[in-house]
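Here is the structure we will look at, set down as structure tokens.
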There are 2 protein chains.
Amino acid sequence: MSEKKPDREQPELAFGSARPPLPPLPAAQKAAAKKPAAAAPRRAARQAARPVGGEPLLKRIAKEAGDVRTSILKGRKPTLRFPVRSLQNVTYQPGVGYFELKGREKERTLTVSTVKTFAQTLKMMSLSQELVRTDDIATKREAYYVSKNWAEARFKEQPESDAVMEDVEAFFGVNREQLGFVPEEKGGDVAGRLVVIDQDRDTGETLRIDCTRFGSGAYSIPISVETLGFETDADFILCIETAGMFQRLVKHNYWKQANCVLVSLGGVPTRACRRFVRRLADEKDIPVYVFVDGDPYGFSNIYRTLKVGSGNAAHLNEFFCVPQARFLGITPQDIIDYELPTHPLKDVDIKRAKDALKNDPFILHHKPWQLAMHQMIKMGVRAEQQALAKHGLNYVIDEYLPRKLGDVKAFLP
Amino acid sequence: MSEKKPDREQPELAFGSARPPLPPLPAAQKAAAKKPAAAAPRRAARQAARPVGGEPLLKRIAKEAGDVRTSILKGRKPTLRFPVRSLQNVTYQPGVGYFELKGREKERTLTVSTVKTFAQTLKMMSLSQELVRTDDIATKREAYYVSKNWAEARFKEQPESDAVMEDVEAFFGVNREQLGFVPEEKGGDVAGRLVVIDQDRDTGETLRIDCTRFGSGAYSIPISVETLGFETDADFILCIETAGMFQRLVKHNYWKQANCVLVSLGGVPTRACRRFVRRLADEKDIPVYVFVDGDPYGFSNIYRTLKVGSGNAAHLNEFFCVPQARFLGITPQDIIDYELPTHPLKDVDIKRAKDALKNDPFILHHKPWQLAMHQMIKMGVRAEQQALAKHGLNYVIDEYLPRKLGDVKAFLP
């Protein structure tokens, strides 16, 4: 709940819809979101990952914009410095738990050739300031269209506006959602032993959303989850790849017997879904188990992305990965142990597995994952979650999950 | 709520998880789901679309299987008759409201060459009987894997098993969900003036899911919605194409000021989402307005599919279309009236529009749609919902939607 405090202490800022002129702000205090040292224990990384919201962020935006203004008034060329965002500028250390930026930076100095991008960057900061101040949101696409009223500074195409938004995001070392910019896509459903705490925007009333009381339905994770609070006594969070398997576990109230929270990833999880699981797991200190198809896509694209993030969005991993995640299944060994029906590996599966063994810092770090990948390539087959239905539709509930959960230490890292 | 009755009257069947041997059933009464005459008024079509669930369906399955058994015992070749499912076998009449099967049928008689398919069809009916009896569900994929234990009758590939499932569905004239077969994919979120009535499977407790109390989140529509009930005093249902626009309207509690139910389609709506809107609109007799991007994809693929269904799943349209839907926007005229930023039509857009003008029975029936399509082709541009952000992020709430809703008679049909 601590992440909600800034909003609650500033209700006139957070929930007002009027847009008063920005009062002058005191000199900025550097906000708390400093990156932990690479070797810091995971707990420290988690603490640091708490979002800087509301007032502190407004102060930082005003400070940086003020610095630019001061430079110009003094006749100096203003400069903004951004981290370089690429795979070449990341490291992986398990103690940190996610791909980290190494710290290389690029500069954007105001010159004749950079004047448009420079102006767009400041306009984007200004839009973000307005979003934070009015507790509003804008999708990347909306931000692009808003720029159509920026005269000469308007963006021609959305990729330009996306790139500037990512620069601003990396610049402040916060995630896009904290700046009020949200993805286009929702994704992620939740059922089970969890009460989500939200707030009615108009009345300020606290809303307790009880995820045990959705019947066959579920709670749909909003696009931005930064201000949600949680109450739970669940023993673990179970993340499930397919909507069909999720629906089966929901339909049979599996969360009751296992005392858990069920999360439907719906394939590769969205930012909002990853952030939701991360915040819940951090705040309540509960383990996260991942149940996906037994194929290289499930291992690398879904599980790896959920746990440590991805290479091409390295500046986000600090907030959007779930370092505490562990792999429940389907493992290559499960295919043997549970005599599952299989499909032959396709060329793209084999390529994906071999690429991971060669280039993926996460797989390269974990011997058990290398063994699992080699085993799958050697077996030449993959198996889906639903393949368990061979033994009966509810074999997954009656046999597979209880047996696996009886030995969580054996889970792949 | 009337659709829930069969389950409630047979709780030991509907909610039991044990699987007792099937008691002998009395000779079947033909269930109520007869197709209305083509010229019947819409209300009649709606009545007929109410699902046959639980006990009546179990009786019909037993009856049809019994007929096959009787034929065999009498030394006759048993025959099953299925409607032909193709565009050549559909008609469109606005009084009915959806693409209708014309009634052509194919026969499957037990012979040496059809023995495997015939057996698979009976096994699939048997699986469905078990699902209905135990109130369980199976995805198409799960049903395929279940067949791996059918010895010689097992399916080699999933498309075979899907085709047999569709035959069974068309055979009984009900939708797949009623047979216990559900899609793989979830989709569709709901917020606003609606209470969904569901039931706790274990305790039988009635669950009242209040969609006004989800804060920034939403109610995620389950894969099967056949047994849900509704309470609402909403004036209309607003279906929204993009998750981003939905989130904006939810974030600002738009449903309070407009007294409506908001539904996020997430692109082309899933079966569950379409069925949910249809059932809610039918049962509570409230209008459905659709708010999508102003492009041929939004018109033909999203709106048209929601309203009248699609050609290649004609046997489903009776249940999965929303004949009462009306098109709020974005219209080609909106692009002019609201001075929206546009993108040029791509070749694929133009082809889609021209195809619709030439081949789509729905467009061919409605002059206003033909005019709108021609207008868009002539303008050569399309516009997205988010383009309204040019005038301010909440222009859509403060200006566009109120203005449009002030003249619903002007909506495209």
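In the structure tokens, chains take letters A, B, ... by order of appearance, with residues numbered from 1 within each chain and ligands from 1 in the order shown.
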
Using only C-alpha atoms, which residues sit within 7 Å of region 226-243 of chain A once same-chain residues fewer than 2 positions away are excluded, as a PDB file with all heavy atoms, in the first residue's frame?
ATOM      1  N   MET A   1       0.821  -1.211   0.000  1.00  0.00           N
ATOM      2  CA  MET A   1       0.000   0.000   0.000  1.00  0.00           C
ATOM      3  C   MET A   1       0.858   1.265   0.000  1.00  0.00           C
ATOM      4  O   MET A   1       0.386   2.347  -0.282  1.00  0.00           O
ATOM      5  CB  MET A   1      -0.903   0.021   1.242  1.00  0.00           C
ATOM      6  CG  MET A   1      -1.978  -1.039   1.215  1.00  0.00           C
ATOM      7  SD  MET A   1      -3.148  -0.698  -0.107  1.00  0.00           S
ATOM      8  CE  MET A   1      -3.750   0.900   0.438  1.00  0.00           C
ATOM      9  N   GLU A   3       2.898   2.329  -1.952  1.00  0.00           N
ATOM     10  CA  GLU A   3       3.011   3.014  -3.230  1.00  0.00           C
ATOM     11  C   GLU A   3       1.851   3.945  -3.518  1.00  0.00           C
ATOM     12  O   GLU A   3       1.894   4.726  -4.434  1.00  0.00           O
ATOM     13  CB  GLU A   3       3.131   1.979  -4.346  1.00  0.00           C
ATOM     14  CG  GLU A   3       4.394   1.173  -4.199  1.00  0.00           C
ATOM     15  CD  GLU A   3       4.507   0.115  -5.264  1.00  0.00           C
ATOM     16  OE1 GLU A   3       4.205   0.392  -6.413  1.00  0.00           O
ATOM     17  OE2 GLU A   3       4.888  -0.998  -4.908  1.00  0.00           O
ATOM     18  N   LYS A   4       0.790   3.797  -2.731  1.00  0.00           N
ATOM     19  CA  LYS A   4      -0.371   4.651  -2.974  1.00  0.00           C
ATOM     20  C   LYS A   4      -0.244   5.989  -2.275  1.00  0.00           C
ATOM     21  O   LYS A   4      -0.945   6.921  -2.597  1.00  0.00           O
ATOM     22  CB  LYS A   4      -1.625   3.948  -2.450  1.00  0.00           C
ATOM     23  CG  LYS A   4      -2.395   3.276  -3.561  1.00  0.00           C
ATOM     24  CD  LYS A   4      -3.733   2.859  -3.064  1.00  0.00           C
ATOM     25  CE  LYS A   4      -4.814   3.353  -3.983  1.00  0.00           C
ATOM     26  NZ  LYS A   4      -6.062   2.655  -3.769  1.00  0.00           N
ATOM     27  N   ARG A 193      -7.234 -16.188  -4.289  1.00  0.00           N
ATOM     28  CA  ARG A 193      -7.084 -15.640  -2.938  1.00  0.00           C
ATOM     29  C   ARG A 193      -6.406 -14.281  -2.935  1.00  0.00           C
ATOM     30  O   ARG A 193      -5.251 -14.155  -2.507  1.00  0.00           O
ATOM     31  CB  ARG A 193      -6.250 -16.588  -2.095  1.00  0.00           C
ATOM     32  CG  ARG A 193      -6.913 -17.922  -1.817  1.00  0.00           C
ATOM     33  CD  ARG A 193      -7.568 -17.953  -0.466  1.00  0.00           C
ATOM     34  NE  ARG A 193      -8.142 -19.275  -0.204  1.00  0.00           N
ATOM     35  CZ  ARG A 193      -9.451 -19.480  -0.055  1.00  0.00           C
ATOM     36  NH1 ARG A 193     -10.299 -18.469  -0.112  1.00  0.00           N
ATOM     37  NH2 ARG A 193      -9.891 -20.695   0.175  1.00  0.00           N
ATOM     38  N   LEU A 194      -7.122 -13.292  -3.415  1.00  0.00           N
ATOM     39  CA  LEU A 194      -6.535 -11.962  -3.490  1.00  0.00           C
ATOM     40  C   LEU A 194      -7.638 -10.911  -3.432  1.00  0.00           C
ATOM     41  O   LEU A 194      -8.681 -11.056  -4.069  1.00  0.00           O
ATOM     42  CB  LEU A 194      -5.758 -11.808  -4.805  1.00  0.00           C
ATOM     43  CG  LEU A 194      -5.196 -10.407  -5.100  1.00  0.00           C
ATOM     44  CD1 LEU A 194      -4.095 -10.023  -4.110  1.00  0.00           C
ATOM     45  CD2 LEU A 194      -4.666 -10.323  -6.525  1.00  0.00           C
ATOM     46  N   VAL A 195      -7.378  -9.858  -2.652  1.00  0.00           N
ATOM     47  CA  VAL A 195      -8.220  -8.665  -2.711  1.00  0.00           C
ATOM     48  C   VAL A 195      -7.359  -7.539  -3.267  1.00  0.00           C
ATOM     49  O   VAL A 195      -6.293  -7.234  -2.733  1.00  0.00           O
ATOM     50  CB  VAL A 195      -8.764  -8.281  -1.315  1.00  0.00           C
ATOM     51  CG1 VAL A 195      -9.517  -6.954  -1.383  1.00  0.00           C
ATOM     52  CG2 VAL A 195      -9.670  -9.382  -0.780  1.00  0.00           C
ATOM     53  N   VAL A 196      -7.788  -6.975  -4.382  1.00  0.00           N
ATOM     54  CA  VAL A 196      -7.094  -5.832  -4.968  1.00  0.00           C
ATOM     55  C   VAL A 196      -7.716  -4.564  -4.396  1.00  0.00           C
ATOM     56  O   VAL A 196      -8.943  -4.447  -4.325  1.00  0.00           O
ATOM     57  CB  VAL A 196      -7.222  -5.837  -6.507  1.00  0.00           C
ATOM     58  CG1 VAL A 196      -6.555  -4.600  -7.106  1.00  0.00           C
ATOM     59  CG2 VAL A 196      -6.620  -7.111  -7.093  1.00  0.00           C
ATOM     60  N   ILE A 197      -6.870  -3.637  -3.965  1.00  0.00           N
ATOM     61  CA  ILE A 197      -7.377  -2.377  -3.414  1.00  0.00           C
ATOM     62  C   ILE A 197      -7.204  -1.277  -4.451  1.00  0.00           C
ATOM     63  O   ILE A 197      -6.094  -0.989  -4.891  1.00  0.00           O
ATOM     64  CB  ILE A 197      -6.608  -1.967  -2.135  1.00  0.00           C
ATOM     65  CG1 ILE A 197      -6.474  -3.149  -1.165  1.00  0.00           C
ATOM     66  CG2 ILE A 197      -7.279  -0.763  -1.477  1.00  0.00           C
ATOM     67  CD1 ILE A 197      -7.739  -3.555  -0.488  1.00  0.00           C
ATOM     68  N   ASP A 198      -8.312  -0.693  -4.844  1.00  0.00           N
ATOM     69  CA  ASP A 198      -8.274   0.420  -5.792  1.00  0.00           C
ATOM     70  C   ASP A 198      -9.113   1.553  -5.196  1.00  0.00           C
ATOM     71  O   ASP A 198      -9.516   1.469  -4.023  1.00  0.00           O
ATOM     72  CB  ASP A 198      -8.823  -0.059  -7.148  1.00  0.00           C
ATOM     73  CG  ASP A 198      -8.338   0.787  -8.322  1.00  0.00           C
ATOM     74  OD1 ASP A 198      -7.865   1.923  -8.100  1.00  0.00           O
ATOM     75  OD2 ASP A 198      -8.447   0.323  -9.468  1.00  0.00           O
ATOM     76  N   SER A 224      -2.604   0.305 -16.211  1.00  0.00           N
ATOM     77  CA  SER A 224      -1.599   0.795 -15.261  1.00  0.00           C
ATOM     78  C   SER A 224      -1.933   0.293 -13.864  1.00  0.00           C
ATOM     79  O   SER A 224      -3.057   0.460 -13.394  1.00  0.00           O
ATOM     80  CB  SER A 224      -1.542   2.318 -15.277  1.00  0.00           C
ATOM     81  OG  SER A 224      -0.607   2.763 -14.317  1.00  0.00           O
ATOM     82  N   MET A 245      -6.514 -23.205 -20.115  1.00  0.00           N
ATOM     83  CA  MET A 245      -6.087 -23.847 -18.861  1.00  0.00           C
ATOM     84  C   MET A 245      -6.493 -23.001 -17.663  1.00  0.00           C
ATOM     85  O   MET A 245      -6.947 -23.520 -16.641  1.00  0.00           O
ATOM     86  CB  MET A 245      -4.569 -24.073 -18.881  1.00  0.00           C
ATOM     87  CG  MET A 245      -4.026 -24.755 -17.642  1.00  0.00           C
ATOM     88  SD  MET A 245      -4.755 -26.388 -17.317  1.00  0.00           S
ATOM     89  CE  MET A 245      -3.826 -27.393 -18.496  1.00  0.00           C
ATOM     90  N   PHE A 246      -6.331 -21.674 -17.784  1.00  0.00           N
ATOM     91  CA  PHE A 246      -6.760 -20.764 -16.718  1.00  0.00           C
ATOM     92  C   PHE A 246      -8.246 -20.976 -16.422  1.00  0.00           C
ATOM     93  O   PHE A 246      -8.651 -21.122 -15.265  1.00  0.00           O
ATOM     94  CB  PHE A 246      -6.505 -19.320 -17.150  1.00  0.00           C
ATOM     95  CG  PHE A 246      -7.015 -18.277 -16.182  1.00  0.00           C
ATOM     96  CD1 PHE A 246      -6.347 -18.001 -15.006  1.00  0.00           C
ATOM     97  CD2 PHE A 246      -8.171 -17.558 -16.467  1.00  0.00           C
ATOM     98  CE1 PHE A 246      -6.817 -17.034 -14.124  1.00  0.00           C
ATOM     99  CE2 PHE A 246      -8.656 -16.595 -15.598  1.00  0.00           C
ATOM    100  CZ  PHE A 246      -7.972 -16.328 -14.425  1.00  0.00           C
ATOM    101  N   GLN A 247      -9.057 -21.043 -17.495  1.00  0.00           N
ATOM    102  CA  GLN A 247     -10.496 -21.190 -17.299  1.00  0.00           C
ATOM    103  C   GLN A 247     -10.818 -22.508 -16.605  1.00  0.00           C
ATOM    104  O   GLN A 247     -11.699 -22.574 -15.758  1.00  0.00           O
ATOM    105  CB  GLN A 247     -11.216 -21.102 -18.649  1.00  0.00           C
ATOM    106  CG  GLN A 247     -12.722 -21.056 -18.530  1.00  0.00           C
ATOM    107  CD  GLN A 247     -13.236 -19.722 -18.008  1.00  0.00           C
ATOM    108  OE1 GLN A 247     -13.114 -18.698 -18.647  1.00  0.00           O
ATOM    109  NE2 GLN A 247     -13.819 -19.720 -16.816  1.00  0.00           N
ATOM    110  N   ASN A 259      -4.868 -22.840  -2.277  1.00  0.00           N
ATOM    111  CA  ASN A 259      -4.671 -21.552  -1.600  1.00  0.00           C
ATOM    112  C   ASN A 259      -3.713 -20.644  -2.363  1.00  0.00           C
ATOM    113  O   ASN A 259      -2.630 -20.284  -1.885  1.00  0.00           O
ATOM    114  CB  ASN A 259      -4.153 -21.754  -0.172  1.00  0.00           C
ATOM    115  CG  ASN A 259      -4.321 -20.486   0.665  1.00  0.00           C
ATOM    116  OD1 ASN A 259      -5.361 -19.842   0.598  1.00  0.00           O
ATOM    117  ND2 ASN A 259      -3.295 -20.110   1.404  1.00  0.00           N
ATOM    118  N   CYS A 260      -4.117 -20.288  -3.568  1.00  0.00           N
ATOM    119  CA  CYS A 260      -3.212 -19.511  -4.421  1.00  0.00           C
ATOM    120  C   CYS A 260      -3.967 -18.442  -5.198  1.00  0.00           C
ATOM    121  O   CYS A 260      -5.194 -18.325  -5.112  1.00  0.00           O
ATOM    122  CB  CYS A 260      -2.482 -20.429  -5.388  1.00  0.00           C
ATOM    123  SG  CYS A 260      -3.539 -21.190  -6.621  1.00  0.00           S
ATOM    124  N   VAL A 261      -3.197 -17.643  -5.907  1.00  0.00           N
ATOM    125  CA  VAL A 261      -3.738 -16.663  -6.847  1.00  0.00           C
ATOM    126  C   VAL A 261      -3.451 -17.183  -8.250  1.00  0.00           C
ATOM    127  O   VAL A 261      -2.316 -17.565  -8.548  1.00  0.00           O
ATOM    128  CB  VAL A 261      -3.060 -15.281  -6.672  1.00  0.00           C
ATOM    129  CG1 VAL A 261      -3.616 -14.284  -7.685  1.00  0.00           C
ATOM    130  CG2 VAL A 261      -3.218 -14.771  -5.254  1.00  0.00           C
ATOM    131  N   LEU A 262      -4.456 -17.214  -9.118  1.00  0.00           N
ATOM    132  CA  LEU A 262      -4.278 -17.650 -10.501  1.00  0.00           C
ATOM    133  C   LEU A 262      -4.184 -16.430 -11.409  1.00  0.00           C
ATOM    134  O   LEU A 262      -4.997 -15.521 -11.316  1.00  0.00           O
ATOM    135  CB  LEU A 262      -5.462 -18.506 -10.951  1.00  0.00           C
ATOM    136  CG  LEU A 262      -5.773 -19.759 -10.126  1.00  0.00           C
ATOM    137  CD1 LEU A 262      -7.082 -20.390 -10.598  1.00  0.00           C
ATOM    138  CD2 LEU A 262      -4.625 -20.754 -10.228  1.00  0.00           C
ATOM    139  N   VAL A 263      -3.172 -16.427 -12.276  1.00  0.00           N
ATOM    140  CA  VAL A 263      -3.017 -15.330 -13.235  1.00  0.00           C
ATOM    141  C   VAL A 263      -2.941 -15.915 -14.644  1.00  0.00           C
ATOM    142  O   VAL A 263      -2.111 -16.788 -14.913  1.00  0.00           O
ATOM    143  CB  VAL A 263      -1.732 -14.511 -12.953  1.00  0.00           C
ATOM    144  CG1 VAL A 263      -1.557 -13.421 -14.015  1.00  0.00           C
ATOM    145  CG2 VAL A 263      -1.770 -13.896 -11.565  1.00  0.00           C
ATOM    146  N   SER A 264      -3.804 -15.441 -15.517  1.00  0.00           N
ATOM    147  CA  SER A 264      -3.762 -15.863 -16.920  1.00  0.00           C
ATOM    148  C   SER A 264      -2.852 -14.918 -17.687  1.00  0.00           C
ATOM    149  O   SER A 264      -3.097 -13.719 -17.751  1.00  0.00           O
ATOM    150  CB  SER A 264      -5.172 -15.812 -17.515  1.00  0.00           C
ATOM    151  OG  SER A 264      -5.123 -16.055 -18.903  1.00  0.00           O
ATOM    152  N   LEU A 265      -1.766 -15.464 -18.253  1.00  0.00           N
ATOM    153  CA  LEU A 265      -0.826 -14.613 -18.979  1.00  0.00           C
ATOM    154  C   LEU A 265      -1.348 -14.311 -20.385  1.00  0.00           C
ATOM    155  O   LEU A 265      -1.065 -13.248 -20.938  1.00  0.00           O
ATOM    156  CB  LEU A 265       0.539 -15.290 -19.088  1.00  0.00           C
ATOM    157  CG  LEU A 265       1.225 -15.674 -17.774  1.00  0.00           C
ATOM    158  CD1 LEU A 265       2.513 -16.437 -18.072  1.00  0.00           C
ATOM    159  CD2 LEU A 265       1.543 -14.439 -16.939  1.00  0.00           C
ATOM    160  N   GLY A 266      -2.075 -15.261 -20.962  1.00  0.00           N
ATOM    161  CA  GLY A 266      -2.543 -15.062 -22.335  1.00  0.00           C
ATOM    162  C   GLY A 266      -1.389 -14.971 -23.311  1.00  0.00           C
ATOM    163  O   GLY A 266      -1.296 -14.013 -24.073  1.00  0.00           O
ATOM    164  N   GLY A 267      -0.491 -15.961 -23.289  1.00  0.00           N
ATOM    165  CA  GLY A 267       0.704 -15.913 -24.139  1.00  0.00           C
ATOM    166  C   GLY A 267       1.788 -15.074 -23.490  1.00  0.00           C
ATOM    167  O   GLY A 267       1.903 -15.042 -22.261  1.00  0.00           O
ATOM    168  N   LEU A 280       2.728  -7.551  -6.724  1.00  0.00           N
ATOM    169  CA  LEU A 280       2.047  -8.424  -5.773  1.00  0.00           C
ATOM    170  C   LEU A 280       3.054  -9.338  -5.072  1.00  0.00           C
ATOM    171  O   LEU A 280       3.032  -9.486  -3.839  1.00  0.00           O
ATOM    172  CB  LEU A 280       0.981  -9.248  -6.496  1.00  0.00           C
ATOM    173  CG  LEU A 280       0.281 -10.350  -5.700  1.00  0.00           C
ATOM    174  CD1 LEU A 280      -0.403  -9.777  -4.466  1.00  0.00           C
ATOM    175  CD2 LEU A 280      -0.730 -11.090  -6.575  1.00  0.00           C
ATOM    176  N   ILE A 286       5.482 -13.453  -1.757  1.00  0.00           N
ATOM    177  CA  ILE A 286       5.021 -14.811  -2.060  1.00  0.00           C
ATOM    178  C   ILE A 286       5.650 -15.290  -3.359  1.00  0.00           C
ATOM    179  O   ILE A 286       5.923 -14.496  -4.261  1.00  0.00           O
ATOM    180  CB  ILE A 286       3.470 -14.924  -2.157  1.00  0.00           C
ATOM    181  CG1 ILE A 286       2.872 -13.736  -2.903  1.00  0.00           C
ATOM    182  CG2 ILE A 286       2.867 -15.051  -0.786  1.00  0.00           C
ATOM    183  CD1 ILE A 286       1.363 -13.829  -3.036  1.00  0.00           C
ATOM    184  N   PRO A 287       5.915 -16.595  -3.434  1.00  0.00           N
ATOM    185  CA  PRO A 287       6.569 -17.137  -4.629  1.00  0.00           C
ATOM    186  C   PRO A 287       5.655 -17.128  -5.855  1.00  0.00           C
ATOM    187  O   PRO A 287       4.426 -17.086  -5.727  1.00  0.00           O
ATOM    188  CB  PRO A 287       6.920 -18.576  -4.232  1.00  0.00           C
ATOM    189  CG  PRO A 287       6.102 -18.892  -3.044  1.00  0.00           C
ATOM    190  CD  PRO A 287       5.695 -17.609  -2.402  1.00  0.00           C
ATOM    191  N   VAL A 288       6.306 -17.166  -7.009  1.00  0.00           N
ATOM    192  CA  VAL A 288       5.601 -17.146  -8.291  1.00  0.00           C
ATOM    193  C   VAL A 288       5.997 -18.389  -9.069  1.00  0.00           C
ATOM    194  O   VAL A 288       7.189 -18.620  -9.318  1.00  0.00           O
ATOM    195  CB  VAL A 288       5.991 -15.885  -9.108  1.00  0.00           C
ATOM    196  CG1 VAL A 288       5.312 -15.900 -10.479  1.00  0.00           C
ATOM    197  CG2 VAL A 288       5.656 -14.620  -8.341  1.00  0.00           C
ATOM    198  N   TYR A 289       5.023 -19.211  -9.434  1.00  0.00           N
ATOM    199  CA  TYR A 289       5.282 -20.403 -10.236  1.00  0.00           C
ATOM    200  C   TYR A 289       4.645 -20.232 -11.608  1.00  0.00           C
ATOM    201  O   TYR A 289       3.554 -19.683 -11.730  1.00  0.00           O
ATOM    202  CB  TYR A 289       4.723 -21.645  -9.544  1.00  0.00           C
ATOM    203  CG  TYR A 289       5.250 -21.838  -8.140  1.00  0.00           C
ATOM    204  CD1 TYR A 289       4.406 -22.220  -7.100  1.00  0.00           C
ATOM    205  CD2 TYR A 289       6.592 -21.607  -7.842  1.00  0.00           C
ATOM    206  CE1 TYR A 289       4.884 -22.379  -5.801  1.00  0.00           C
ATOM    207  CE2 TYR A 289       7.077 -21.765  -6.550  1.00  0.00           C
ATOM    208  CZ  TYR A 289       6.220 -22.152  -5.534  1.00  0.00           C
ATOM    209  OH  TYR A 289       6.696 -22.306  -4.256  1.00  0.00           O
ATOM    210  N   VAL A 290       5.343 -20.721 -12.623  1.00  0.00           N
ATOM    211  CA  VAL A 290       4.910 -20.469 -13.999  1.00  0.00           C
ATOM    212  C   VAL A 290       4.629 -21.785 -14.694  1.00  0.00           C
ATOM    213  O   VAL A 290       5.457 -22.698 -14.694  1.00  0.00           O
ATOM    214  CB  VAL A 290       5.979 -19.651 -14.754  1.00  0.00           C
ATOM    215  CG1 VAL A 290       5.469 -19.295 -16.153  1.00  0.00           C
ATOM    216  CG2 VAL A 290       6.328 -18.390 -13.978  1.00  0.00           C
ATOM    217  N   PHE A 291       3.446 -21.866 -15.298  1.00  0.00           N
ATOM    218  CA  PHE A 291       2.942 -23.098 -15.907  1.00  0.00           C
ATOM    219  C   PHE A 291       2.625 -22.799 -17.370  1.00  0.00           C
ATOM    220  O   PHE A 291       1.618 -22.176 -17.676  1.00  0.00           O
ATOM    221  CB  PHE A 291       1.693 -23.539 -15.133  1.00  0.00           C
ATOM    222  CG  PHE A 291       1.034 -24.798 -15.610  1.00  0.00           C
ATOM    223  CD1 PHE A 291       1.737 -25.798 -16.295  1.00  0.00           C
ATOM    224  CD2 PHE A 291      -0.321 -25.011 -15.360  1.00  0.00           C
ATOM    225  CE1 PHE A 291       1.110 -26.960 -16.718  1.00  0.00           C
ATOM    226  CE2 PHE A 291      -0.958 -26.168 -15.783  1.00  0.00           C
ATOM    227  CZ  PHE A 291      -0.241 -27.147 -16.469  1.00  0.00           C
ATOM    228  N   VAL A 292       3.533 -23.229 -18.248  1.00  0.00           N
ATOM    229  CA  VAL A 292       3.397 -22.901 -19.677  1.00  0.00           C
ATOM    230  C   VAL A 292       3.597 -24.159 -20.517  1.00  0.00           C
ATOM    231  O   VAL A 292       3.908 -25.233 -19.995  1.00  0.00           O
ATOM    232  CB  VAL A 292       4.411 -21.817 -20.112  1.00  0.00           C
ATOM    233  CG1 VAL A 292       4.217 -20.528 -19.315  1.00  0.00           C
ATOM    234  CG2 VAL A 292       5.845 -22.308 -19.968  1.00  0.00           C
TER     235      VAL A 292
ATOM    236  N   GLU B 184     -10.369 -21.559 -27.120  1.00  0.00           N
ATOM    237  CA  GLU B 184      -9.112 -21.441 -26.369  1.00  0.00           C
ATOM    238  C   GLU B 184      -8.989 -20.055 -25.742  1.00  0.00           C
ATOM    239  O   GLU B 184      -8.372 -19.905 -24.700  1.00  0.00           O
ATOM    240  CB  GLU B 184      -7.892 -21.614 -27.299  1.00  0.00           C
ATOM    241  CG  GLU B 184      -7.914 -22.832 -28.193  1.00  0.00           C
ATOM    242  CD  GLU B 184      -7.737 -24.119 -27.431  1.00  0.00           C
ATOM    243  OE1 GLU B 184      -7.003 -24.121 -26.448  1.00  0.00           O
ATOM    244  OE2 GLU B 184      -8.365 -25.120 -27.829  1.00  0.00           O
ATOM    245  N   GLU B 185      -9.539 -19.065 -26.441  1.00  0.00           N
ATOM    246  CA  GLU B 185      -9.196 -17.697 -26.099  1.00  0.00           C
ATOM    247  C   GLU B 185     -10.287 -16.985 -25.327  1.00  0.00           C
ATOM    248  O   GLU B 185     -11.450 -17.045 -25.677  1.00  0.00           O
ATOM    249  CB  GLU B 185      -8.874 -16.908 -27.369  1.00  0.00           C
ATOM    250  CG  GLU B 185      -7.584 -17.353 -28.020  1.00  0.00           C
ATOM    251  CD  GLU B 185      -6.437 -17.481 -27.022  1.00  0.00           C
ATOM    252  OE1 GLU B 185      -6.313 -16.621 -26.119  1.00  0.00           O
ATOM    253  OE2 GLU B 185      -5.665 -18.434 -27.131  1.00  0.00           O
ATOM    254  N   LYS B 186      -9.874 -16.297 -24.266  1.00  0.00           N
ATOM    255  CA  LYS B 186     -10.746 -15.375 -23.569  1.00  0.00           C
ATOM    256  C   LYS B 186     -10.692 -14.033 -24.285  1.00  0.00           C
ATOM    257  O   LYS B 186      -9.855 -13.810 -25.146  1.00  0.00           O
ATOM    258  CB  LYS B 186     -10.239 -15.163 -22.150  1.00  0.00           C
ATOM    259  CG  LYS B 186     -10.671 -16.213 -21.167  1.00  0.00           C
ATOM    260  CD  LYS B 186      -9.924 -16.045 -19.877  1.00  0.00           C
ATOM    261  CE  LYS B 186     -10.375 -14.808 -19.132  1.00  0.00           C
ATOM    262  NZ  LYS B 186     -11.571 -15.055 -18.309  1.00  0.00           N
TER     263      LYS B 186
END

Residues of chain B no more than 6 Å from chain A, counting only C-alpha atoms: send them over as a PyMOL selection string. chain B and resi 142+145-146+148+184-186+198-200+215-222+243-244+386-387+389-390

Would you give me, as a PyMOL selection string, the residues in region 85-310 of chain B that DSSP reads as alpha helix (DSSP H)? chain B and resi 115-133+140-146+158-172+243-251+254-258+271-284+296+305-308

Out of region 144-330 of chain B, which residues get strand (DSSP E or B) from DSSP, as a PyMOL selection string? chain B and resi 181-182+189-192+195-199+206-210+218-220+229-231+236-240+260-264+288-291+294+325-329

Measure the distance from CA of Arg81 (chain A) to CA of Glu105 (chain A) in Å and round it to one decimal. 6.4 Å

What's around region 331-338 of chain A at 8 Å? Count only C-alpha atoms, leave out sequence neighbours fewer than 5 positions away in its own chain, and write the answer as a count of residues only. 7

Can you pull out every residue within 10 Å of Leu306 (chain B), counting only C-alpha atoms, but drop anything in the same chain fewer than 2 positions away, and send it as an NGL selection string? :B and (98 or 239 or 265 or 268-271 or 273-275 or 277-278 or 290 or 300-304 or 308-310 or 317 or 320-325)
